[in-house]
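run22.cif (mmCIF, C-alpha atoms) appears below.
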data_entry
loop_
_atom_site.group_PDB
_atom_site.id
_atom_site.type_symbol
_atom_site.label_atom_id
_atom_site.label_comp_id
_atom_site.auth_asym_id
_atom_site.auth_seq_id
_atom_site.Cartn_x
_atom_site.Cartn_y
_atom_site.Cartn_z
ATOM 1 C CA MET U 1 -0.491 -3.653 34.765
ATOM 2 C CA VAL U 2 -0.211 -1.480 37.854
ATOM 3 C CA HIS U 3 3.479 -0.964 37.095
ATOM 4 C CA ALA U 4 2.639 0.191 33.588
ATOM 5 C CA LEU U 5 0.071 2.610 34.954
ATOM 6 C CA LYS U 6 2.593 3.980 37.448
ATOM 7 C CA GLU U 7 5.105 4.389 34.640
ATOM 8 C CA ALA U 8 2.457 6.233 32.656
ATOM 9 C CA HIS U 9 1.947 8.480 35.686
ATOM 10 C CA ARG U 10 5.689 9.207 35.769
ATOM 11 C CA VAL U 11 5.992 10.191 32.104
ATOM 12 C CA LEU U 12 2.853 12.327 32.109
ATOM 13 C CA VAL U 13 2.893 16.050 32.682
ATOM 14 C CA PRO U 14 0.797 17.386 35.608
ATOM 15 C CA GLN U 15 -2.903 16.936 34.750
ATOM 16 C CA GLY U 16 -1.853 14.582 31.950
ATOM 17 C CA ILE U 17 -4.325 11.988 30.718
ATOM 18 C CA ILE U 18 -4.358 8.251 30.294
ATOM 19 C CA VAL U 19 -6.888 6.544 28.050
ATOM 20 C CA ASP U 20 -7.658 2.866 28.523
ATOM 21 C CA VAL U 21 -9.543 1.461 25.533
ATOM 22 C CA ARG U 22 -10.106 -2.296 25.267
ATOM 23 C CA PRO U 23 -12.677 -4.924 24.404
ATOM 24 C CA LEU U 24 -14.748 -6.444 27.180
ATOM 25 C CA SER U 25 -14.946 -10.182 27.676
ATOM 26 C CA VAL U 26 -18.658 -10.545 27.036
ATOM 27 C CA ASP U 27 -20.223 -12.929 24.564
ATOM 28 C CA VAL U 28 -20.826 -11.298 21.200
ATOM 29 C CA PRO U 29 -22.987 -12.308 18.241
ATOM 30 C CA LEU U 30 -21.653 -13.588 14.960
ATOM 31 C CA GLU U 31 -23.951 -11.940 12.445
ATOM 32 C CA ILE U 32 -24.528 -12.440 8.760
ATOM 33 C CA LEU U 33 -25.252 -9.125 7.120
ATOM 34 C CA TYR U 34 -26.962 -8.835 3.782
ATOM 35 C CA LYS U 35 -28.591 -6.067 1.843
ATOM 36 C CA GLY U 36 -30.775 -4.194 4.289
ATOM 37 C CA ASP U 37 -30.811 -6.710 7.140
ATOM 38 C CA ARG U 38 -28.883 -9.101 9.374
ATOM 39 C CA GLU U 39 -29.280 -12.470 11.102
ATOM 40 C CA SER U 40 -27.419 -13.872 14.090
ATOM 41 C CA ALA U 41 -25.708 -17.245 13.721
ATOM 42 C CA GLY U 42 -25.168 -17.483 17.468
ATOM 43 C CA MET U 43 -22.827 -16.207 20.116
ATOM 44 C CA ILE U 44 -19.034 -16.203 20.267
ATOM 45 C CA ASP U 45 -17.656 -16.951 23.697
ATOM 46 C CA THR U 46 -14.968 -14.463 24.755
ATOM 47 C CA SER U 47 -14.685 -15.742 28.311
ATOM 48 C CA PRO U 48 -11.072 -17.040 27.955
ATOM 49 C CA ASP U 49 -9.908 -13.452 28.441
ATOM 50 C CA ILE U 50 -12.093 -12.718 31.436
ATOM 51 C CA GLU U 51 -9.219 -12.959 33.909
ATOM 52 C CA LEU U 52 -7.205 -10.387 31.947
ATOM 53 C CA ASP U 53 -10.262 -8.176 31.931
ATOM 54 C CA ILE U 54 -10.632 -8.430 35.683
ATOM 55 C CA ALA U 55 -6.914 -7.810 36.227
ATOM 56 C CA ALA U 56 -7.058 -4.664 34.090
ATOM 57 C CA ASP U 57 -10.118 -3.422 35.979
ATOM 58 C CA ASN U 58 -8.351 -4.097 39.267
ATOM 59 C CA ALA U 59 -5.259 -2.219 38.111
ATOM 60 C CA ILE U 60 -7.381 0.799 37.201
ATOM 61 C CA GLU U 61 -9.184 0.550 40.528
ATOM 62 C CA SER U 62 -5.887 0.533 42.413
ATOM 63 C CA ILE U 63 -4.634 3.754 40.809
ATOM 64 C CA LEU U 64 -7.938 5.433 41.608
ATOM 65 C CA ILE U 65 -7.838 4.251 45.216
ATOM 66 C CA GLY U 66 -4.195 5.310 45.399
ATOM 67 C CA ARG U 67 -5.247 8.798 44.279
ATOM 68 C CA ILE U 68 -2.630 9.019 41.545
ATOM 69 C CA PHE U 69 -5.370 9.320 38.903
ATOM 70 C CA VAL U 70 -8.991 10.400 38.959
ATOM 71 C CA GLU U 71 -11.614 9.119 36.525
ATOM 72 C CA SER U 72 -12.767 11.774 34.064
ATOM 73 C CA SER U 73 -15.137 9.700 31.955
ATOM 74 C CA LYS U 74 -16.066 6.173 30.981
ATOM 75 C CA GLU U 75 -18.048 5.051 27.961
ATOM 76 C CA TYR U 76 -18.933 1.924 26.036
ATOM 77 C CA PHE U 77 -19.337 1.377 22.318
ATOM 78 C CA ASP U 78 -19.606 -1.234 19.591
ATOM 79 C CA PHE U 79 -16.542 -2.131 17.601
ATOM 80 C CA ALA U 80 -16.897 -4.447 14.619
ATOM 81 C CA TYR U 81 -14.845 -6.710 12.409
ATOM 82 C CA TYR U 82 -16.162 -7.707 8.972
ATOM 83 C CA TRP U 83 -15.208 -10.615 6.726
ATOM 84 C CA LYS U 84 -16.306 -11.627 3.246
ATOM 85 C CA THR U 85 -16.110 -15.371 3.881
ATOM 86 C CA ILE U 86 -16.295 -17.733 6.830
ATOM 87 C CA HIS U 87 -12.987 -19.222 5.772
ATOM 88 C CA GLU U 88 -11.260 -15.852 6.098
ATOM 89 C CA MET U 89 -12.852 -15.337 9.500
ATOM 90 C CA GLU U 90 -11.708 -18.747 10.694
ATOM 91 C CA GLU U 91 -8.185 -18.030 9.485
ATOM 92 C CA ASP U 92 -8.100 -14.764 11.423
ATOM 93 C CA LEU U 93 -9.504 -16.381 14.555
ATOM 94 C CA GLU U 94 -6.865 -19.090 14.354
ATOM 95 C CA GLU U 95 -4.039 -16.633 13.733
ATOM 96 C CA PHE U 96 -4.963 -13.791 16.064
ATOM 97 C CA TRP U 97 -7.616 -14.844 18.595
ATOM 98 C CA LYS U 98 -6.939 -18.534 19.084
ATOM 99 C CA ASP U 99 -6.631 -18.253 22.845
ATOM 100 C CA ASP U 100 -9.109 -15.417 23.248
ATOM 101 C CA VAL U 101 -12.411 -16.720 21.892
ATOM 102 C CA ILE U 102 -14.385 -19.932 21.530
ATOM 103 C CA LEU U 103 -16.408 -20.270 18.363
ATOM 104 C CA PRO U 104 -18.859 -23.153 18.841
ATOM 105 C CA GLU U 105 -19.224 -25.568 15.939
ATOM 106 C CA ALA U 106 -22.990 -25.022 15.925
ATOM 107 C CA VAL U 107 -22.437 -21.311 15.308
ATOM 108 C CA ILE U 108 -20.128 -22.035 12.390
ATOM 109 C CA GLN U 109 -22.684 -24.418 10.903
ATOM 110 C CA GLN U 110 -25.439 -21.837 11.261
ATOM 111 C CA ALA U 111 -23.228 -19.190 9.690
ATOM 112 C CA HIS U 112 -22.622 -21.485 6.703
ATOM 113 C CA LYS U 113 -26.376 -22.000 6.327
ATOM 114 C CA LEU U 114 -27.034 -18.274 6.349
ATOM 115 C CA ILE U 115 -24.195 -17.540 3.940
ATOM 116 C CA ASN U 116 -25.399 -20.240 1.572
ATOM 117 C CA LYS U 117 -28.670 -18.395 1.059
ATOM 118 C CA GLN U 118 -26.566 -16.302 -1.340
ATOM 119 C CA ARG U 119 -28.219 -13.005 -0.668
ATOM 120 C CA GLN U 120 -26.773 -9.796 -2.030
ATOM 121 C CA GLN U 121 -23.917 -7.984 -0.274
ATOM 122 C CA THR U 122 -23.380 -10.678 2.329
ATOM 123 C CA GLN U 123 -20.792 -10.044 5.024
ATOM 124 C CA ILE U 124 -19.864 -11.617 8.329
ATOM 125 C CA ARG U 125 -19.788 -9.286 11.322
ATOM 126 C CA VAL U 126 -18.479 -9.711 14.841
ATOM 127 C CA GLY U 127 -19.249 -6.723 17.037
ATOM 128 C CA LEU U 128 -17.178 -6.443 20.198
ATOM 129 C CA GLN U 129 -18.133 -4.361 23.203
ATOM 130 C CA MET U 130 -15.458 -1.764 23.923
ATOM 131 C CA LYS U 131 -14.812 0.273 27.023
ATOM 132 C CA LEU U 132 -13.001 3.608 26.941
ATOM 133 C CA GLY U 133 -11.908 5.114 30.236
ATOM 134 C CA LYS U 134 -10.234 8.496 30.610
ATOM 135 C CA TYR U 135 -8.228 9.283 33.733
ATOM 136 C CA GLU U 136 -6.451 12.472 34.813
ATOM 137 C CA LYS U 137 -3.142 12.487 36.634
ATOM 138 C CA LEU U 138 -3.132 13.734 40.197
ATOM 139 C CA GLY U 139 -0.075 14.841 42.126
ATOM 140 C CA MET R 140 14.620 -6.970 1.339
ATOM 141 C CA GLY R 141 13.482 -6.370 -2.198
ATOM 142 C CA PRO R 142 14.530 -3.476 -4.359
ATOM 143 C CA THR R 143 13.135 -0.102 -3.463
ATOM 144 C CA HIS R 144 10.343 0.990 -5.759
ATOM 145 C CA PRO R 145 11.360 4.206 -7.530
ATOM 146 C CA SER R 146 8.237 6.027 -6.437
ATOM 147 C CA THR R 147 8.973 5.430 -2.767
ATOM 148 C CA ARG R 148 12.625 6.410 -2.907
ATOM 149 C CA THR R 149 12.062 10.157 -2.792
ATOM 150 C CA THR R 150 9.558 9.862 0.007
ATOM 151 C CA ARG R 151 11.933 7.795 2.095
ATOM 152 C CA THR R 152 14.813 10.178 1.502
ATOM 153 C CA THR R 153 12.620 13.100 2.505
ATOM 154 C CA PHE R 154 11.508 11.269 5.615
ATOM 155 C CA THR R 155 15.045 10.364 6.582
ATOM 156 C CA ARG R 156 16.153 13.972 6.251
ATOM 157 C CA LYS R 157 13.160 15.219 8.213
ATOM 158 C CA CYS R 158 13.710 12.561 10.833
ATOM 159 C CA ASN R 159 17.397 13.414 11.194
ATOM 160 C CA GLU R 160 16.564 17.075 11.649
ATOM 161 C CA THR R 161 13.920 16.570 14.307
ATOM 162 C CA ILE R 162 15.071 13.505 16.126
ATOM 163 C CA ASP R 163 17.878 15.184 18.026
ATOM 164 C CA SER R 164 15.434 17.188 20.077
ATOM 165 C CA PHE R 165 13.354 14.111 20.803
ATOM 166 C CA ILE R 166 16.155 11.698 21.483
ATOM 167 C CA SER R 167 17.257 13.585 24.572
ATOM 168 C CA ILE R 168 14.272 12.206 26.491
ATOM 169 C CA ILE R 169 15.116 8.619 25.566
ATOM 170 C CA ASN R 170 17.728 6.681 27.425
ATOM 171 C CA THR R 171 20.858 5.512 25.641
ATOM 172 C CA LYS R 172 19.870 1.880 25.285
ATOM 173 C CA LYS R 173 16.647 2.766 23.514
ATOM 174 C CA GLN R 174 18.306 5.197 21.148
ATOM 175 C CA ALA R 175 19.675 2.179 19.279
ATOM 176 C CA ASP R 176 16.183 0.693 18.962
ATOM 177 C CA LEU R 177 14.822 3.944 17.643
ATOM 178 C CA LEU R 178 17.500 4.137 14.997
ATOM 179 C CA ARG R 179 17.018 0.500 14.060
ATOM 180 C CA ILE R 180 13.285 0.896 13.459
ATOM 181 C CA ARG R 181 13.828 4.152 11.633
ATOM 182 C CA ASN R 182 15.925 2.338 9.049
ATOM 183 C CA LEU R 183 13.673 -0.625 8.467
ATOM 184 C CA GLY R 184 12.910 -0.049 4.823
ATOM 185 C CA ASP R 185 10.245 -2.373 3.489
ATOM 186 C CA VAL R 186 10.684 -5.146 6.018
ATOM 187 C CA SER R 187 7.462 -6.599 7.394
ATOM 188 C CA LEU R 188 7.310 -9.853 9.285
ATOM 189 C CA GLU R 189 3.686 -9.817 10.300
ATOM 190 C CA VAL R 190 0.651 -11.559 8.850
ATOM 191 C CA GLU R 191 -2.150 -9.078 8.209
ATOM 192 C CA MET R 192 -5.725 -9.727 9.285
ATOM 193 C CA LYS R 193 -8.157 -10.469 6.517
ATOM 194 C CA ALA R 194 -10.941 -8.700 8.355
ATOM 195 C CA THR R 195 -11.999 -5.137 7.792
ATOM 196 C CA ARG R 196 -11.472 -3.637 11.233
ATOM 197 C CA ASP R 197 -13.848 -1.015 12.583
ATOM 198 C CA PRO R 198 -14.758 0.605 9.246
ATOM 199 C CA GLU R 199 -17.207 2.823 11.131
ATOM 200 C CA GLY R 200 -14.248 4.399 12.925
ATOM 201 C CA ALA R 201 -15.889 3.930 16.317
ATOM 202 C CA GLU R 202 -12.624 3.621 18.237
ATOM 203 C CA LEU R 203 -11.155 6.801 16.758
ATOM 204 C CA HIS R 204 -14.453 8.644 17.085
ATOM 205 C CA HIS R 205 -14.631 7.889 20.789
ATOM 206 C CA LEU R 206 -10.969 8.740 21.374
ATOM 207 C CA VAL R 207 -11.168 12.181 19.766
ATOM 208 C CA GLY R 208 -14.510 12.679 21.471
ATOM 209 C CA VAL R 209 -12.843 12.627 24.889
ATOM 210 C CA CYS R 210 -9.325 13.881 24.065
ATOM 211 C CA ASP R 211 -8.074 16.764 21.993
ATOM 212 C CA LEU R 212 -4.958 15.347 20.342
ATOM 213 C CA ALA R 213 -3.978 18.446 18.387
ATOM 214 C CA GLY R 214 -0.645 19.864 19.448
ATOM 215 C CA LYS R 215 -0.171 17.214 22.129
ATOM 216 C CA GLN R 216 2.700 14.869 22.935
ATOM 217 C CA VAL R 217 1.149 11.422 22.833
ATOM 218 C CA LEU R 218 2.416 7.952 23.731
ATOM 219 C CA GLU R 219 0.581 4.766 22.728
ATOM 220 C CA ILE R 220 1.605 1.782 24.826
ATOM 221 C CA GLY R 221 1.237 -1.536 23.014
ATOM 222 C CA CYS R 222 0.669 -0.052 19.584
ATOM 223 C CA GLY R 223 1.112 -3.496 17.989
ATOM 224 C CA ASP R 224 1.059 -3.450 14.214
ATOM 225 C CA GLY R 225 -0.384 0.050 14.144
ATOM 226 C CA LYS R 226 -4.075 -0.577 13.531
ATOM 227 C CA PHE R 227 -5.087 2.183 15.924
ATOM 228 C CA ILE R 228 -2.112 4.544 15.990
ATOM 229 C CA SER R 229 -2.232 4.773 12.197
ATOM 230 C CA GLN R 230 -5.704 6.312 12.425
ATOM 231 C CA TYR R 231 -4.669 9.368 14.426
ATOM 232 C CA ALA R 232 -0.997 9.653 13.513
ATOM 233 C CA GLY R 233 -1.440 13.057 11.880
ATOM 234 C CA LEU R 234 -3.112 14.713 14.840
ATOM 235 C CA PRO R 235 -0.601 15.059 17.719
ATOM 236 C CA ASN R 236 2.392 17.339 17.677
ATOM 237 C CA LYS R 237 4.599 14.412 18.645
ATOM 238 C CA LEU R 238 3.621 10.754 18.696
ATOM 239 C CA VAL R 239 5.455 7.705 20.001
ATOM 240 C CA GLY R 240 4.307 4.098 19.719
ATOM 241 C CA ILE R 241 5.900 1.379 21.788
ATOM 242 C CA ASP R 242 5.513 -2.372 21.597
ATOM 243 C CA PRO R 243 7.723 -5.300 22.610
ATOM 244 C CA GLU R 244 7.229 -7.010 19.229
ATOM 245 C CA PHE R 245 9.741 -5.660 16.747
ATOM 246 C CA GLY R 246 7.944 -7.244 13.800
ATOM 247 C CA ASP R 247 4.722 -5.504 14.776
ATOM 248 C CA LEU R 248 6.486 -2.154 14.818
ATOM 249 C CA CYS R 249 7.770 -2.810 11.307
ATOM 250 C CA ALA R 250 4.225 -3.485 10.155
ATOM 251 C CA ALA R 251 2.969 -0.391 11.977
ATOM 252 C CA ARG R 252 5.370 1.871 10.178
ATOM 253 C CA LYS R 253 4.153 0.578 6.825
ATOM 254 C CA LYS R 254 0.589 1.617 7.632
ATOM 255 C CA ILE R 255 1.413 5.282 8.069
ATOM 256 C CA SER R 256 2.420 7.831 5.471
ATOM 257 C CA ALA R 257 5.932 9.206 5.849
ATOM 258 C CA GLU R 258 4.940 12.738 6.794
ATOM 259 C CA ASN R 259 3.034 11.431 9.828
ATOM 260 C CA TRP R 260 5.437 8.735 10.965
ATOM 261 C CA PRO R 261 5.477 8.365 14.734
ATOM 262 C CA TYR R 262 8.590 7.349 16.610
ATOM 263 C CA PHE R 263 8.439 3.599 17.134
ATOM 264 C CA ILE R 264 10.391 1.968 19.937
ATOM 265 C CA ASP R 265 10.412 -1.631 21.095
ATOM 266 C CA ALA R 266 9.744 -1.298 24.793
ATOM 267 C CA ILE R 267 7.294 -2.404 27.452
ATOM 268 C CA GLY R 268 4.884 -0.346 29.489
ATOM 269 C CA GLU R 269 6.405 -1.438 32.780
ATOM 270 C CA SER R 270 9.733 0.209 31.901
ATOM 271 C CA LEU R 271 9.235 3.279 29.757
ATOM 272 C CA PRO R 272 12.452 4.656 28.286
ATOM 273 C CA PHE R 273 11.397 8.283 28.660
ATOM 274 C CA ALA R 274 12.128 11.106 31.029
ATOM 275 C CA SER R 275 9.491 12.129 33.552
ATOM 276 C CA GLN R 276 6.750 14.474 32.364
ATOM 277 C CA SER R 277 7.397 13.888 28.665
ATOM 278 C CA PHE R 278 3.810 13.349 27.481
ATOM 279 C CA ASP R 279 0.401 14.993 27.680
ATOM 280 C CA LEU R 280 -1.477 11.791 26.922
ATOM 281 C CA VAL R 281 -0.779 8.056 27.280
ATOM 282 C CA ILE R 282 -3.042 5.610 25.466
ATOM 283 C CA PHE R 283 -3.412 1.978 26.406
ATOM 284 C CA ALA R 284 -5.090 0.510 23.328
ATOM 285 C CA SER R 285 -6.099 -3.028 24.331
ATOM 286 C CA SER R 286 -2.812 -3.246 26.187
ATOM 287 C CA LEU R 287 -3.786 -3.167 29.844
#

Could you write out this file's structure as structure tokens?
Amino acid sequence: MVHALKEAHRVLVPQGIIVDVRPLSVDVPLEILYKGDRESAGMIDTSPDIELDIAADNAIESILIGRIFVESSKEYFDFAYYWKTIHEMEEDLEEFWKDDVILPEAVIQQAHKLINKQRQQTQIRVGLQMKLGKYEKLG
Amino acid sequence: MGPTHPSTRTTRTTFTRKCNETIDSFISIINTKKQADLLRIRNLGDVSLEVEMKATRDPEGAELHHLVGVCDLAGKQVLEIGCGDGKFISQYAGLPNKLVGIDPEFGDLCAARKKISAENWPYFIDAIGESLPFASQSFDLVIFASSL
């Protein structure tokens, strides 16, 4: 990660900018949305990626300590995925996030219960917490 | 590869011509080895090896909103490291003056190109962030989108 950041420093013009935008490894709710409201089925565990998160934070810290970049801004925001069915969500989790999240069986069961109420405009939502850092090249 | 749909043929021809006219100026900042990759991806046609997510991703546009809130992309030379299958780069592809997406997964780059209309196609190169095939001081902005 530090090597990539140093390469970014090399290819940037003076006062060039890097942006680091990524999801944070914090537990997030699996929500069932329906017309006008929402209910949580429980929390999704994103801790399997915590070590990558820490490594990325450390890499950023090292370029700031090394004075090759200076932090311009840092902000956090919600970032959501929506599915129409639990089956589709499970397929995506298996295909794309298998090693990144843990979806407890109890949460799946609760999601099925909430979906089965057959309310209008039902969707499944997983809202991740994102961090966006902006850093300016020094030197 | 299946037959080219008639409606896409003109667009692709136009893109190829445009690409051939502009790429010479860009290619000088790329090392020789990566020139072959660039040409390979440019000629992909309709190939796509990737499975698409079934989810609707960030329909609120939060990621793009926050990016353009902190960075003016207009007229800039922008590199996205780890662009993957183009979910993010496709959202701002029309804004920079020059845009390059790199990713080590060739299949992802094929899928990325399909997400973007021909007139806004970035340059896609299979490369890694630790060894960027570009000359020094080539970009105004480097984006790590979930790739650090």

At a cut-off of 6 Å, can you tabulate as a Markdown table every residue of chain U near chain R together with its closest atom pair and the distance in Å to one decimal, using only C-alpha atoms and ordering rows by chain then number?
| residue | atom | partner | partner_atom | distance |
| --- | --- | --- | --- | --- |
| U:Met1 | CA | R:Leu287 | CA | 5.9 |
| U:His3 | CA | R:Glu269 | CA | 5.2 |
| U:Ala4 | CA | R:Glu269 | CA | 4.2 |
| U:Arg10 | CA | R:Ser275 | CA | 5.3 |
| U:Val11 | CA | R:Ser275 | CA | 4.3 |
| U:Leu12 | CA | R:Gln276 | CA | 4.5 |
| U:Val13 | CA | R:Gln276 | CA | 4.2 |
| U:Gly16 | CA | R:Asp279 | CA | 4.8 |
| U:Ile17 | CA | R:Leu280 | CA | 4.7 |
| U:Ile18 | CA | R:Val281 | CA | 4.7 |
| U:Val19 | CA | R:Ile282 | CA | 4.7 |
| U:Asp20 | CA | R:Phe283 | CA | 4.8 |
| U:Val21 | CA | R:Ala284 | CA | 5.1 |
| U:Arg22 | CA | R:Ser285 | CA | 4.2 |
| U:Ala56 | CA | R:Leu287 | CA | 5.6 |
| U:Phe79 | CA | R:Asp197 | CA | 5.8 |
| U:Ala80 | CA | R:Asp197 | CA | 5.0 |
| U:Tyr81 | CA | R:Arg196 | CA | 4.7 |
| U:Tyr82 | CA | R:Thr195 | CA | 5.0 |
| U:Trp83 | CA | R:Ala194 | CA | 5.0 |
| U:Asp92 | CA | R:Met192 | CA | 6.0 |

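Picture a line from atom CA of R:Phe227 to atom CA of U:Phe77; it runs 15.6 Å.
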
Please write as a short mmCIF file (atom, residue, chain, number, x, y, z; two decimals) with C-alpha atoms, in the coordinates of the input the full residue list that the PyMOL selection byres ((chain U and resi 45) around 7) yields on this file.
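Saved result, expr19.cif, follows:
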data_model
loop_
_atom_site.label_atom_id
_atom_site.label_comp_id
_atom_site.auth_asym_id
_atom_site.auth_seq_id
_atom_site.Cartn_x
_atom_site.Cartn_y
_atom_site.Cartn_z
CA ASP U 27 -20.22 -12.93 24.56
CA VAL U 28 -20.83 -11.30 21.20
CA MET U 43 -22.83 -16.21 20.12
CA ILE U 44 -19.03 -16.20 20.27
CA THR U 46 -14.97 -14.46 24.76
CA SER U 47 -14.68 -15.74 28.31
CA VAL U 101 -12.41 -16.72 21.89
CA ILE U 102 -14.38 -19.93 21.53
CA LEU U 103 -16.41 -20.27 18.36
#

Nearest to U:His9: which of U:Gly66, U:Gly133, U:Pro104, U:Gly127 is it, counting all atoms listed in the file?
->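 Of U:Gly66, U:Gly133, U:Pro104, U:Gly127, the one nearest U:His9, counting all atoms listed in the file, is U:Gly66.
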
Using the chain letters and numbers from the file, which residues does the PyMOL selection byres ((chain R and resi 225) around 9) grab, as a PDB file with C-alpha atoms, keeping the file's coordinate frame?
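Wrote it out as result19.pdb, contents follow:
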ATOM      1  CA  CYS R 222       0.669  -0.052  19.584  1.00  0.00           C
ATOM      2  CA  GLY R 223       1.112  -3.496  17.989  1.00  0.00           C
ATOM      3  CA  ASP R 224       1.059  -3.450  14.214  1.00  0.00           C
ATOM      4  CA  LYS R 226      -4.075  -0.577  13.531  1.00  0.00           C
ATOM      5  CA  PHE R 227      -5.087   2.183  15.924  1.00  0.00           C
ATOM      6  CA  ILE R 228      -2.112   4.544  15.990  1.00  0.00           C
ATOM      7  CA  SER R 229      -2.232   4.773  12.197  1.00  0.00           C
ATOM      8  CA  GLN R 230      -5.704   6.312  12.425  1.00  0.00           C
ATOM      9  CA  GLY R 240       4.307   4.098  19.719  1.00  0.00           C
ATOM     10  CA  ASP R 247       4.722  -5.504  14.776  1.00  0.00           C
ATOM     11  CA  LEU R 248       6.486  -2.154  14.818  1.00  0.00           C
ATOM     12  CA  ALA R 250       4.225  -3.485  10.155  1.00  0.00           C
ATOM     13  CA  ALA R 251       2.969  -0.391  11.977  1.00  0.00           C
ATOM     14  CA  ARG R 252       5.370   1.871  10.178  1.00  0.00           C
ATOM     15  CA  LYS R 253       4.153   0.578   6.825  1.00  0.00           C
ATOM     16  CA  LYS R 254       0.589   1.617   7.632  1.00  0.00           C
ATOM     17  CA  ILE R 255       1.413   5.282   8.069  1.00  0.00           C
TER      18      ILE R 255
END

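With distances restricted to only C-alpha atoms, U:Asp100 is the closest residue to U:Asp49 from U:Glu136, U:Asp100, U:Glu88, U:Glu105.
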
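One finds atom CA of R:Ile264 at 26.9 Å from atom CA of U:Lys98.
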
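For the pair atom CA of U:Arg38 and atom CA of U:Gln129, the interatomic distance is 18.1 Å.
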
Using all atoms listed in the file, pick whichever of U:Gln121, U:Glu61, U:Val2, U:Tyr76 has the shortest atom-to-atom distance to U:Gly36.
-> U:Gln121

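With only the atoms specified (all atoms listed in the file) counting, those residues at most 10 Å away from (-0.7, 12.5, 13.0) are R:Leu212, R:Ala213, R:Gly214, R:Ile228, R:Ser229, R:Gln230, R:Tyr231, R:Ala232, R:Gly233, R:Leu234, R:Pro235, R:Asn236, R:Lys237, R:Leu238, R:Ile255, R:Ser256, R:Glu258, R:Asn259, R:Trp260, R:Pro261.
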
Counting only C-alpha atoms, which of U:Asn116, U:Gln15, U:Asn58, U:Ser40 gets nearest to U:Thr85?
->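 Looking at the shortest contact to U:Thr85, the residue is U:Asn116.
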
Rebuild stretch 123-134 of chain U so that it carries N, CA, C and O atoms, then output the result as a PDB file, in the coordinates of the input.
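Saved file part_27.pdb follows:
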ATOM      1  N   GLN U 123     -22.033 -10.186   4.258  1.00  0.00           N
ATOM      2  CA  GLN U 123     -20.792 -10.044   5.024  1.00  0.00           C
ATOM      3  C   GLN U 123     -20.965 -10.737   6.368  1.00  0.00           C
ATOM      4  O   GLN U 123     -22.091 -10.942   6.828  1.00  0.00           O
ATOM      5  N   ILE U 124     -19.843 -11.047   6.984  1.00  0.00           N
ATOM      6  CA  ILE U 124     -19.864 -11.617   8.329  1.00  0.00           C
ATOM      7  C   ILE U 124     -19.393 -10.530   9.290  1.00  0.00           C
ATOM      8  O   ILE U 124     -18.365  -9.883   9.048  1.00  0.00           O
ATOM      9  N   ARG U 125     -20.120 -10.359  10.371  1.00  0.00           N
ATOM     10  CA  ARG U 125     -19.788  -9.286  11.322  1.00  0.00           C
ATOM     11  C   ARG U 125     -19.675  -9.843  12.733  1.00  0.00           C
ATOM     12  O   ARG U 125     -20.529 -10.609  13.178  1.00  0.00           O
ATOM     13  N   VAL U 126     -18.603  -9.447  13.408  1.00  0.00           N
ATOM     14  CA  VAL U 126     -18.479  -9.711  14.841  1.00  0.00           C
ATOM     15  C   VAL U 126     -18.312  -8.361  15.528  1.00  0.00           C
ATOM     16  O   VAL U 126     -17.344  -7.643  15.273  1.00  0.00           O
ATOM     17  N   GLY U 127     -19.265  -8.021  16.354  1.00  0.00           N
ATOM     18  CA  GLY U 127     -19.249  -6.723  17.037  1.00  0.00           C
ATOM     19  C   GLY U 127     -18.831  -6.883  18.488  1.00  0.00           C
ATOM     20  O   GLY U 127     -19.558  -7.479  19.284  1.00  0.00           O
ATOM     21  N   LEU U 128     -17.652  -6.376  18.823  1.00  0.00           N
ATOM     22  CA  LEU U 128     -17.178  -6.443  20.198  1.00  0.00           C
ATOM     23  C   LEU U 128     -17.725  -5.269  21.004  1.00  0.00           C
ATOM     24  O   LEU U 128     -18.059  -4.225  20.442  1.00  0.00           O
ATOM     25  N   GLN U 129     -17.777  -5.455  22.307  1.00  0.00           N
ATOM     26  CA  GLN U 129     -18.133  -4.361  23.203  1.00  0.00           C
ATOM     27  C   GLN U 129     -16.842  -3.737  23.719  1.00  0.00           C
ATOM     28  O   GLN U 129     -15.996  -4.433  24.292  1.00  0.00           O
ATOM     29  N   MET U 130     -16.677  -2.449  23.488  1.00  0.00           N
ATOM     30  CA  MET U 130     -15.458  -1.764  23.923  1.00  0.00           C
ATOM     31  C   MET U 130     -15.754  -0.837  25.097  1.00  0.00           C
ATOM     32  O   MET U 130     -16.842  -0.280  25.213  1.00  0.00           O
ATOM     33  N   LYS U 131     -14.732  -0.679  25.913  1.00  0.00           N
ATOM     34  CA  LYS U 131     -14.812   0.273  27.023  1.00  0.00           C
ATOM     35  C   LYS U 131     -13.697   1.294  26.851  1.00  0.00           C
ATOM     36  O   LYS U 131     -12.558   0.921  26.547  1.00  0.00           O
ATOM     37  N   LEU U 132     -14.019   2.561  26.994  1.00  0.00           N
ATOM     38  CA  LEU U 132     -13.001   3.608  26.941  1.00  0.00           C
ATOM     39  C   LEU U 132     -13.060   4.410  28.228  1.00  0.00           C
ATOM     40  O   LEU U 132     -14.077   5.054  28.521  1.00  0.00           O
ATOM     41  N   GLY U 133     -11.989   4.342  28.994  1.00  0.00           N
ATOM     42  CA  GLY U 133     -11.908   5.114  30.236  1.00  0.00           C
ATOM     43  C   GLY U 133     -10.859   6.197  30.109  1.00  0.00           C
ATOM     44  O   GLY U 133      -9.789   5.978  29.530  1.00  0.00           O
ATOM     45  N   LYS U 134     -11.170   7.360  30.632  1.00  0.00           N
ATOM     46  CA  LYS U 134     -10.234   8.496  30.610  1.00  0.00           C
ATOM     47  C   LYS U 134      -9.928   8.877  32.054  1.00  0.00           C
ATOM     48  O   LYS U 134     -10.850   9.053  32.859  1.00  0.00           O
TER      49      LYS U 134
END
